[in-house]
file work-v1.txt (compact mmCIF, N, CA and C atoms)
# COMPACT_ATOMS: atom_id res chain seq x y z
N MET A 1 101.36 64.14 131.33
CA MET A 1 101.77 64.79 130.11
C MET A 1 103.12 64.23 129.69
N GLU A 2 103.19 63.74 128.48
CA GLU A 2 104.45 63.19 127.97
C GLU A 2 105.26 64.31 127.33
N LEU A 3 106.53 64.39 127.68
CA LEU A 3 107.40 65.41 127.11
C LEU A 3 108.02 64.89 125.82
N PRO A 4 108.33 65.81 124.89
CA PRO A 4 108.97 65.37 123.65
C PRO A 4 110.26 64.63 123.96
N GLY A 5 110.53 63.59 123.20
CA GLY A 5 111.75 62.81 123.38
C GLY A 5 112.72 63.08 122.25
N ARG A 6 113.97 62.88 122.52
CA ARG A 6 114.99 63.07 121.51
C ARG A 6 116.03 61.99 121.70
N ALA A 7 116.41 61.37 120.61
CA ALA A 7 117.45 60.35 120.67
C ALA A 7 118.58 60.76 119.74
N GLN A 8 119.78 60.67 120.23
CA GLN A 8 120.95 60.91 119.40
C GLN A 8 121.94 59.80 119.69
N ALA A 9 122.59 59.35 118.63
CA ALA A 9 123.58 58.30 118.82
C ALA A 9 124.56 58.30 117.67
N ASP A 10 125.72 57.85 117.93
CA ASP A 10 126.71 57.59 116.90
C ASP A 10 127.10 56.14 117.06
N SER A 11 127.19 55.45 115.94
CA SER A 11 127.48 54.03 116.00
C SER A 11 128.46 53.66 114.91
N TYR A 12 129.37 52.77 115.23
CA TYR A 12 130.28 52.26 114.22
C TYR A 12 129.91 50.81 113.99
N LEU A 13 129.40 50.54 112.79
CA LEU A 13 128.98 49.20 112.45
C LEU A 13 130.09 48.53 111.64
N ILE A 14 130.36 47.29 111.91
CA ILE A 14 131.41 46.57 111.20
C ILE A 14 131.13 46.60 109.71
N LEU A 15 132.11 46.99 108.93
CA LEU A 15 132.06 47.07 107.47
C LEU A 15 131.11 48.14 106.95
N ILE A 16 130.55 48.95 107.79
CA ILE A 16 129.69 50.05 107.37
C ILE A 16 130.28 51.33 107.97
N PRO A 17 130.47 52.36 107.15
CA PRO A 17 131.02 53.61 107.70
C PRO A 17 130.21 54.14 108.86
N TYR A 18 130.81 55.01 109.60
CA TYR A 18 130.22 55.66 110.76
C TYR A 18 128.81 56.16 110.45
N LEU A 19 127.87 55.96 111.36
CA LEU A 19 126.48 56.37 111.16
C LEU A 19 126.08 57.31 112.29
N HIS A 20 125.68 58.51 111.90
CA HIS A 20 125.19 59.50 112.87
C HIS A 20 123.67 59.51 112.76
N LEU A 21 122.99 59.46 113.88
CA LEU A 21 121.53 59.52 113.82
C LEU A 21 120.98 60.49 114.84
N ASN A 22 119.86 61.07 114.46
CA ASN A 22 119.14 62.00 115.33
C ASN A 22 117.65 61.77 115.11
N GLU A 23 116.93 61.50 116.17
CA GLU A 23 115.49 61.28 116.09
C GLU A 23 114.79 62.12 117.13
N VAL A 24 113.63 62.67 116.77
CA VAL A 24 112.79 63.39 117.71
C VAL A 24 111.44 62.69 117.74
N TRP A 25 111.08 62.20 118.93
CA TRP A 25 109.82 61.48 119.14
C TRP A 25 108.90 62.35 120.00
N ILE A 26 107.64 62.47 119.59
CA ILE A 26 106.65 63.20 120.37
C ILE A 26 105.40 62.34 120.44
N ASP A 27 104.92 62.10 121.65
CA ASP A 27 103.73 61.27 121.87
C ASP A 27 103.84 59.92 121.16
N GLY A 28 105.02 59.32 121.23
CA GLY A 28 105.24 58.01 120.66
C GLY A 28 105.37 57.98 119.14
N GLU A 29 105.45 59.15 118.51
CA GLU A 29 105.54 59.23 117.05
C GLU A 29 106.88 59.87 116.64
N LEU A 30 107.54 59.25 115.67
CA LEU A 30 108.78 59.81 115.15
C LEU A 30 108.43 61.02 114.29
N ARG A 31 108.80 62.21 114.75
CA ARG A 31 108.44 63.44 114.05
C ARG A 31 109.56 63.95 113.16
N LYS A 32 110.79 63.84 113.64
CA LYS A 32 111.94 64.31 112.87
C LYS A 32 113.03 63.26 112.92
N TYR A 33 113.75 63.14 111.82
CA TYR A 33 114.87 62.20 111.81
C TYR A 33 115.94 62.69 110.87
N ALA A 34 117.15 62.27 111.14
CA ALA A 34 118.29 62.49 110.24
C ALA A 34 119.25 61.34 110.48
N TYR A 35 119.59 60.64 109.41
CA TYR A 35 120.53 59.52 109.48
C TYR A 35 121.60 59.79 108.43
N PHE A 36 122.84 59.94 108.87
CA PHE A 36 123.92 60.27 107.95
C PHE A 36 125.09 59.33 108.11
N GLN A 37 125.58 58.82 106.99
CA GLN A 37 126.82 58.07 106.97
C GLN A 37 127.93 59.09 106.81
N VAL A 38 128.92 58.99 107.67
CA VAL A 38 130.05 59.91 107.62
C VAL A 38 131.36 59.14 107.70
N THR A 39 132.42 59.78 107.24
CA THR A 39 133.74 59.18 107.37
C THR A 39 134.19 59.30 108.82
N PRO A 40 135.23 58.58 109.22
CA PRO A 40 135.74 58.75 110.60
C PRO A 40 136.14 60.20 110.90
N ALA A 41 136.48 60.96 109.86
CA ALA A 41 136.85 62.36 110.05
C ALA A 41 135.63 63.28 110.12
N GLY A 42 134.43 62.72 109.85
CA GLY A 42 133.21 63.49 109.96
C GLY A 42 132.65 64.06 108.67
N SER A 43 133.25 63.74 107.53
CA SER A 43 132.71 64.21 106.25
C SER A 43 131.50 63.37 105.86
N VAL A 44 130.45 64.03 105.40
CA VAL A 44 129.23 63.33 105.03
C VAL A 44 129.43 62.54 103.74
N ILE A 45 129.03 61.27 103.79
CA ILE A 45 129.04 60.41 102.61
C ILE A 45 127.67 60.48 101.94
N ARG A 46 126.63 60.29 102.74
CA ARG A 46 125.24 60.36 102.28
C ARG A 46 124.33 60.38 103.49
N GLY A 47 123.07 60.73 103.26
CA GLY A 47 122.16 60.78 104.40
C GLY A 47 120.71 60.89 104.00
N TRP A 48 119.85 60.60 104.96
CA TRP A 48 118.41 60.64 104.80
C TRP A 48 117.85 61.52 105.91
N ASP A 49 116.89 62.39 105.59
CA ASP A 49 116.24 63.17 106.64
C ASP A 49 114.88 63.67 106.16
N ASN A 50 114.13 64.26 107.09
CA ASN A 50 112.82 64.79 106.75
C ASN A 50 112.70 66.27 107.09
N ALA A 51 113.82 66.99 107.07
CA ALA A 51 113.76 68.44 107.23
C ALA A 51 113.03 69.00 106.00
N PRO A 52 112.13 69.97 106.19
CA PRO A 52 111.28 70.42 105.08
C PRO A 52 111.94 71.45 104.16
N HIS A 53 113.23 71.29 103.88
CA HIS A 53 113.94 72.30 103.08
C HIS A 53 114.10 71.94 101.60
N HIS A 54 113.44 70.88 101.14
CA HIS A 54 113.49 70.51 99.71
C HIS A 54 112.08 70.21 99.21
N PRO A 55 111.22 71.23 99.09
CA PRO A 55 109.83 71.00 98.69
C PRO A 55 109.68 70.48 97.26
N GLU A 56 110.73 70.58 96.46
CA GLU A 56 110.69 70.11 95.08
C GLU A 56 110.76 68.59 94.96
N VAL A 57 111.13 67.91 96.02
CA VAL A 57 111.28 66.45 96.00
C VAL A 57 109.91 65.79 96.13
N ALA A 58 109.65 64.80 95.30
CA ALA A 58 108.33 64.13 95.27
C ALA A 58 107.92 63.55 96.62
N THR A 59 108.88 63.11 97.42
CA THR A 59 108.57 62.50 98.72
C THR A 59 108.69 63.50 99.87
N HIS A 60 108.67 64.80 99.54
CA HIS A 60 108.80 65.86 100.55
C HIS A 60 107.95 65.56 101.78
N PRO A 61 108.47 65.68 102.97
CA PRO A 61 109.77 66.24 103.32
C PRO A 61 110.90 65.20 103.33
N HIS A 62 110.58 63.95 103.06
CA HIS A 62 111.58 62.88 103.11
C HIS A 62 112.48 62.96 101.88
N HIS A 63 113.79 62.93 102.10
CA HIS A 63 114.72 63.02 100.97
C HIS A 63 116.07 62.41 101.32
N PHE A 64 116.87 62.24 100.28
CA PHE A 64 118.17 61.58 100.37
C PHE A 64 119.24 62.53 99.86
N HIS A 65 120.32 62.66 100.64
CA HIS A 65 121.47 63.48 100.26
C HIS A 65 122.60 62.56 99.80
N ALA A 66 123.10 62.77 98.61
CA ALA A 66 124.31 62.07 98.13
C ALA A 66 124.99 63.05 97.19
N ALA A 67 125.05 62.73 95.91
CA ALA A 67 125.64 63.65 94.94
C ALA A 67 124.68 64.82 94.67
N GLY A 68 123.47 64.70 95.13
CA GLY A 68 122.44 65.72 95.01
C GLY A 68 121.33 65.36 95.97
N ILE A 69 120.16 65.92 95.75
CA ILE A 69 118.99 65.63 96.60
C ILE A 69 118.00 64.84 95.76
N THR A 70 117.56 63.69 96.28
CA THR A 70 116.59 62.87 95.56
C THR A 70 115.49 62.41 96.51
N ALA A 71 114.42 61.89 95.93
CA ALA A 71 113.31 61.34 96.71
C ALA A 71 113.80 60.13 97.50
N SER A 72 113.10 59.85 98.60
CA SER A 72 113.50 58.73 99.45
C SER A 72 112.28 58.10 100.11
N GLU A 73 112.28 56.78 100.12
CA GLU A 73 111.25 56.02 100.84
C GLU A 73 111.71 55.69 102.26
N VAL A 74 112.93 55.99 102.60
CA VAL A 74 113.46 55.74 103.94
C VAL A 74 112.74 56.64 104.93
N ARG A 75 112.28 56.04 106.03
CA ARG A 75 111.57 56.80 107.07
C ARG A 75 112.10 56.53 108.48
N THR A 76 112.80 55.41 108.66
CA THR A 76 113.22 55.00 110.00
C THR A 76 114.65 54.47 109.98
N LEU A 77 115.20 54.32 111.16
CA LEU A 77 116.52 53.72 111.28
C LEU A 77 116.51 52.30 110.73
N THR A 78 115.44 51.58 110.94
CA THR A 78 115.33 50.22 110.39
C THR A 78 115.44 50.25 108.86
N ASP A 79 114.79 51.23 108.23
CA ASP A 79 114.90 51.37 106.77
C ASP A 79 116.35 51.59 106.34
N VAL A 80 117.05 52.46 107.05
CA VAL A 80 118.46 52.74 106.72
C VAL A 80 119.29 51.47 106.87
N LEU A 81 119.10 50.76 107.97
CA LEU A 81 119.87 49.54 108.19
C LEU A 81 119.55 48.49 107.13
N ASP A 82 118.30 48.45 106.67
CA ASP A 82 117.94 47.53 105.58
C ASP A 82 118.67 47.89 104.30
N VAL A 83 118.76 49.18 103.98
CA VAL A 83 119.50 49.64 102.80
C VAL A 83 120.96 49.24 102.91
N LEU A 84 121.56 49.51 104.05
CA LEU A 84 122.98 49.21 104.24
C LEU A 84 123.25 47.71 104.19
N GLU A 85 122.36 46.93 104.80
CA GLU A 85 122.52 45.48 104.77
C GLU A 85 122.42 44.94 103.35
N ALA A 86 121.44 45.44 102.59
CA ALA A 86 121.27 44.98 101.20
C ALA A 86 122.51 45.31 100.37
N GLU A 87 123.05 46.50 100.57
CA GLU A 87 124.26 46.89 99.83
C GLU A 87 125.43 46.00 100.21
N TYR A 88 125.55 45.71 101.49
CA TYR A 88 126.64 44.84 101.95
C TYR A 88 126.50 43.44 101.35
N ARG A 89 125.30 42.90 101.38
CA ARG A 89 125.06 41.54 100.87
C ARG A 89 125.25 41.45 99.36
N ASN A 90 124.94 42.55 98.64
CA ASN A 90 125.07 42.56 97.19
C ASN A 90 126.44 43.01 96.71
N GLY A 91 127.32 43.27 97.66
CA GLY A 91 128.70 43.62 97.34
C GLY A 91 128.82 45.00 96.86
call {"tool": "encode", "arguments": {"input": "work-v1.txt", "output": "structure tokens"}}
result
Amino acid sequence: MELPGRAQADSYLILIPYLHLNEVWIDGELRKYAYFQVTPAGSVIRGWDNAPHHPEVATHPHHFHAAGITASEVRTLTDVLDVLEAEYRNG
């Protein structure tokens, strides 16, 4: 019997603000995630998660937190890193 897994990490990426991540894996499947960019002091800049608290969003439960709540195609840490890399490359 495989037990639910949980991954938590904080990472400081060069030229990218602090990134907090939380993932819950069950039976090899990513069930819950939250990826948030925060300042060194811990204030949220923006984030992506799949908590089911915004049913009005078209991509429910997946959504993006910034100046408000919007739909999001981000589903994995790789997706977040792709967004951050594209922003960095495009200045």
call {"tool": "select_by_dssp", "arguments": {"input": "work-v1.txt", "residues": "chain A", "states": "alpha helix (DSSP H)", "output": "PyMOL selection string"}}
result
chain A and resi 77-89
call {"tool": "residues_around", "arguments": {"input": "work-v1.txt", "residues": "Gln37 (chain A)", "least_positions_apart": "5", "cutoff": "6.5 Å", "atoms": "all atoms listed in the file", "output": "ChimeraX atom specification"}}
result
/A:17-20,43-48
call {"tool": "write_last_selection", "arguments": {"input": "work-v1.txt", "atoms": "N, CA and C atoms", "output": "tab-separated table (two decimals), in the frame of the given file"}}
result
chain	number	residue	atom	x	y	z
A	17	PRO	N	130.47	52.36	107.15
A	17	PRO	CA	131.02	53.61	107.70
A	17	PRO	C	130.21	54.14	108.86
A	18	TYR	N	130.81	55.01	109.60
A	18	TYR	CA	130.22	55.66	110.76
A	18	TYR	C	128.81	56.16	110.45
A	19	LEU	N	127.87	55.96	111.36
A	19	LEU	CA	126.48	56.37	111.16
A	19	LEU	C	126.08	57.31	112.29
A	20	HIS	N	125.68	58.51	111.90
A	20	HIS	CA	125.19	59.50	112.87
A	20	HIS	C	123.67	59.51	112.76
A	43	SER	N	133.25	63.74	107.53
A	43	SER	CA	132.71	64.21	106.25
A	43	SER	C	131.50	63.37	105.86
A	44	VAL	N	130.45	64.03	105.40
A	44	VAL	CA	129.23	63.33	105.03
A	44	VAL	C	129.43	62.54	103.74
A	45	ILE	N	129.03	61.27	103.79
A	45	ILE	CA	129.04	60.41	102.61
A	45	ILE	C	127.67	60.48	101.94
A	46	ARG	N	126.63	60.29	102.74
A	46	ARG	CA	125.24	60.36	102.28
A	46	ARG	C	124.33	60.38	103.49
A	47	GLY	N	123.07	60.73	103.26
A	47	GLY	CA	122.16	60.78	104.40
A	47	GLY	C	120.71	60.89	104.00
A	48	TRP	N	119.85	60.60	104.96
A	48	TRP	CA	118.41	60.64	104.80
A	48	TRP	C	117.85	61.52	105.91
call {"tool": "atom_distance", "arguments": {"input": "work-v1.txt", "atom1": "CA of Tyr33 (chain A)", "atom2": "atom N of Ala66 (chain A)"}}
result
15.6 Å
call {"tool": "axis_aligned_box", "arguments": {"input": "work-v1.txt", "around": "region 33-39 of chain A", "padding_each_side": "6 Å", "output": "lines of an AutoDock Vina configuration file"}}
result
center_x = 124.0
center_y = 60.6
center_z = 109.3
size_x = 32.4
size_y = 17.1
size_z = 17.0
call {"tool": "atom_distance", "arguments": {"input": "work-v1.txt", "atom1": "atom N of His53 (chain A)", "atom2": "CA of Glu85 (chain A)"}}
result
27.4 Å
call {"tool": "residues_around", "arguments": {"input": "work-v1.txt", "residues": "Thr59 (chain A)", "least_positions_apart": "5", "cutoff": "10 Å", "atoms": "only C-alpha atoms", "output": "list in words"}}
result
Asn50, His54, Phe64, Thr70, Ala71, Ser72, Glu73 and Val74 of chain A
call {"tool": "write_last_selection", "arguments": {"input": "work-v1.txt", "atoms": "N, CA and C atoms", "output": "PDB file, keeping the file's coordinate frame"}}
result
ATOM      1  N   ASN A  50     114.130  64.260 107.090  1.00  0.00           N
ATOM      2  CA  ASN A  50     112.820  64.790 106.750  1.00  0.00           C
ATOM      3  C   ASN A  50     112.700  66.270 107.090  1.00  0.00           C
ATOM      4  N   HIS A  54     113.440  70.880 101.140  1.00  0.00           N
ATOM      5  CA  HIS A  54     113.490  70.510  99.710  1.00  0.00           C
ATOM      6  C   HIS A  54     112.080  70.210  99.210  1.00  0.00           C
ATOM      7  N   PHE A  64     116.870  62.240 100.280  1.00  0.00           N
ATOM      8  CA  PHE A  64     118.170  61.580 100.370  1.00  0.00           C
ATOM      9  C   PHE A  64     119.240  62.530  99.860  1.00  0.00           C
ATOM     10  N   THR A  70     117.560  63.690  96.280  1.00  0.00           N
ATOM     11  CA  THR A  70     116.590  62.870  95.560  1.00  0.00           C
ATOM     12  C   THR A  70     115.490  62.410  96.510  1.00  0.00           C
ATOM     13  N   ALA A  71     114.420  61.890  95.930  1.00  0.00           N
ATOM     14  CA  ALA A  71     113.310  61.340  96.710  1.00  0.00           C
ATOM     15  C   ALA A  71     113.800  60.130  97.500  1.00  0.00           C
ATOM     16  N   SER A  72     113.100  59.850  98.600  1.00  0.00           N
ATOM     17  CA  SER A  72     113.500  58.730  99.450  1.00  0.00           C
ATOM     18  C   SER A  72     112.280  58.100 100.110  1.00  0.00           C
ATOM     19  N   GLU A  73     112.280  56.780 100.120  1.00  0.00           N
ATOM     20  CA  GLU A  73     111.250  56.020 100.840  1.00  0.00           C
ATOM     21  C   GLU A  73     111.710  55.690 102.260  1.00  0.00           C
ATOM     22  N   VAL A  74     112.930  55.990 102.600  1.00  0.00           N
ATOM     23  CA  VAL A  74     113.460  55.740 103.940  1.00  0.00           C
ATOM     24  C   VAL A  74     112.740  56.640 104.930  1.00  0.00           C
TER      25      VAL A  74
END
call {"tool": "atom_distance", "arguments": {"input": "work-v1.txt", "atom1": "CA of Val57 (chain A)", "atom2": "atom C of Leu84 (chain A)"}}
result
23.7 Å
call {"tool": "select_by_dssp", "arguments": {"input": "work-v1.txt", "residues": "chain A", "states": "strand (DSSP E or B)", "output": "PyMOL selection string"}}
result
chain A and resi 5-13+16-26+29-38+44-49+63-65+69-71
call {"tool": "residues_near_point", "arguments": {"input": "work-v1.txt", "point": "(117.6, 61.4, 112.2)", "cutoff": "8 Å", "atoms": "all atoms listed in the file", "output": "ChimeraX atom specification"}}
result
/A:7-8,20-24,32-36,48-50,76-77
call {"tool": "write_last_selection", "arguments": {"input": "work-v1.txt", "atoms": "N, CA and C atoms", "output": "short mmCIF file (atom, residue, chain, number, x, y, z; two decimals), in the coordinates of the input"}}
result
data_model
loop_
_atom_site.label_atom_id
_atom_site.label_comp_id
_atom_site.auth_asym_id
_atom_site.auth_seq_id
_atom_site.Cartn_x
_atom_site.Cartn_y
_atom_site.Cartn_z
N ALA A 7 116.41 61.37 120.61
CA ALA A 7 117.45 60.35 120.67
C ALA A 7 118.58 60.76 119.74
N GLN A 8 119.78 60.67 120.23
CA GLN A 8 120.95 60.91 119.40
C GLN A 8 121.94 59.80 119.69
N HIS A 20 125.68 58.51 111.90
CA HIS A 20 125.19 59.50 112.87
C HIS A 20 123.67 59.51 112.76
N LEU A 21 122.99 59.46 113.88
CA LEU A 21 121.53 59.52 113.82
C LEU A 21 120.98 60.49 114.84
N ASN A 22 119.86 61.07 114.46
CA ASN A 22 119.14 62.00 115.33
C ASN A 22 117.65 61.77 115.11
N GLU A 23 116.93 61.50 116.17
CA GLU A 23 115.49 61.28 116.09
C GLU A 23 114.79 62.12 117.13
N VAL A 24 113.63 62.67 116.77
CA VAL A 24 112.79 63.39 117.71
C VAL A 24 111.44 62.69 117.74
N LYS A 32 110.79 63.84 113.64
CA LYS A 32 111.94 64.31 112.87
C LYS A 32 113.03 63.26 112.92
N TYR A 33 113.75 63.14 111.82
CA TYR A 33 114.87 62.20 111.81
C TYR A 33 115.94 62.69 110.87
N ALA A 34 117.15 62.27 111.14
CA ALA A 34 118.29 62.49 110.24
C ALA A 34 119.25 61.34 110.48
N TYR A 35 119.59 60.64 109.41
CA TYR A 35 120.53 59.52 109.48
C TYR A 35 121.60 59.79 108.43
N PHE A 36 122.84 59.94 108.87
CA PHE A 36 123.92 60.27 107.95
C PHE A 36 125.09 59.33 108.11
N TRP A 48 119.85 60.60 104.96
CA TRP A 48 118.41 60.64 104.80
C TRP A 48 117.85 61.52 105.91
N ASP A 49 116.89 62.39 105.59
CA ASP A 49 116.24 63.17 106.64
C ASP A 49 114.88 63.67 106.16
N ASN A 50 114.13 64.26 107.09
CA ASN A 50 112.82 64.79 106.75
C ASN A 50 112.70 66.27 107.09
N THR A 76 112.80 55.41 108.66
CA THR A 76 113.22 55.00 110.00
C THR A 76 114.65 54.47 109.98
N LEU A 77 115.20 54.32 111.16
CA LEU A 77 116.52 53.72 111.28
C LEU A 77 116.51 52.30 110.73
#
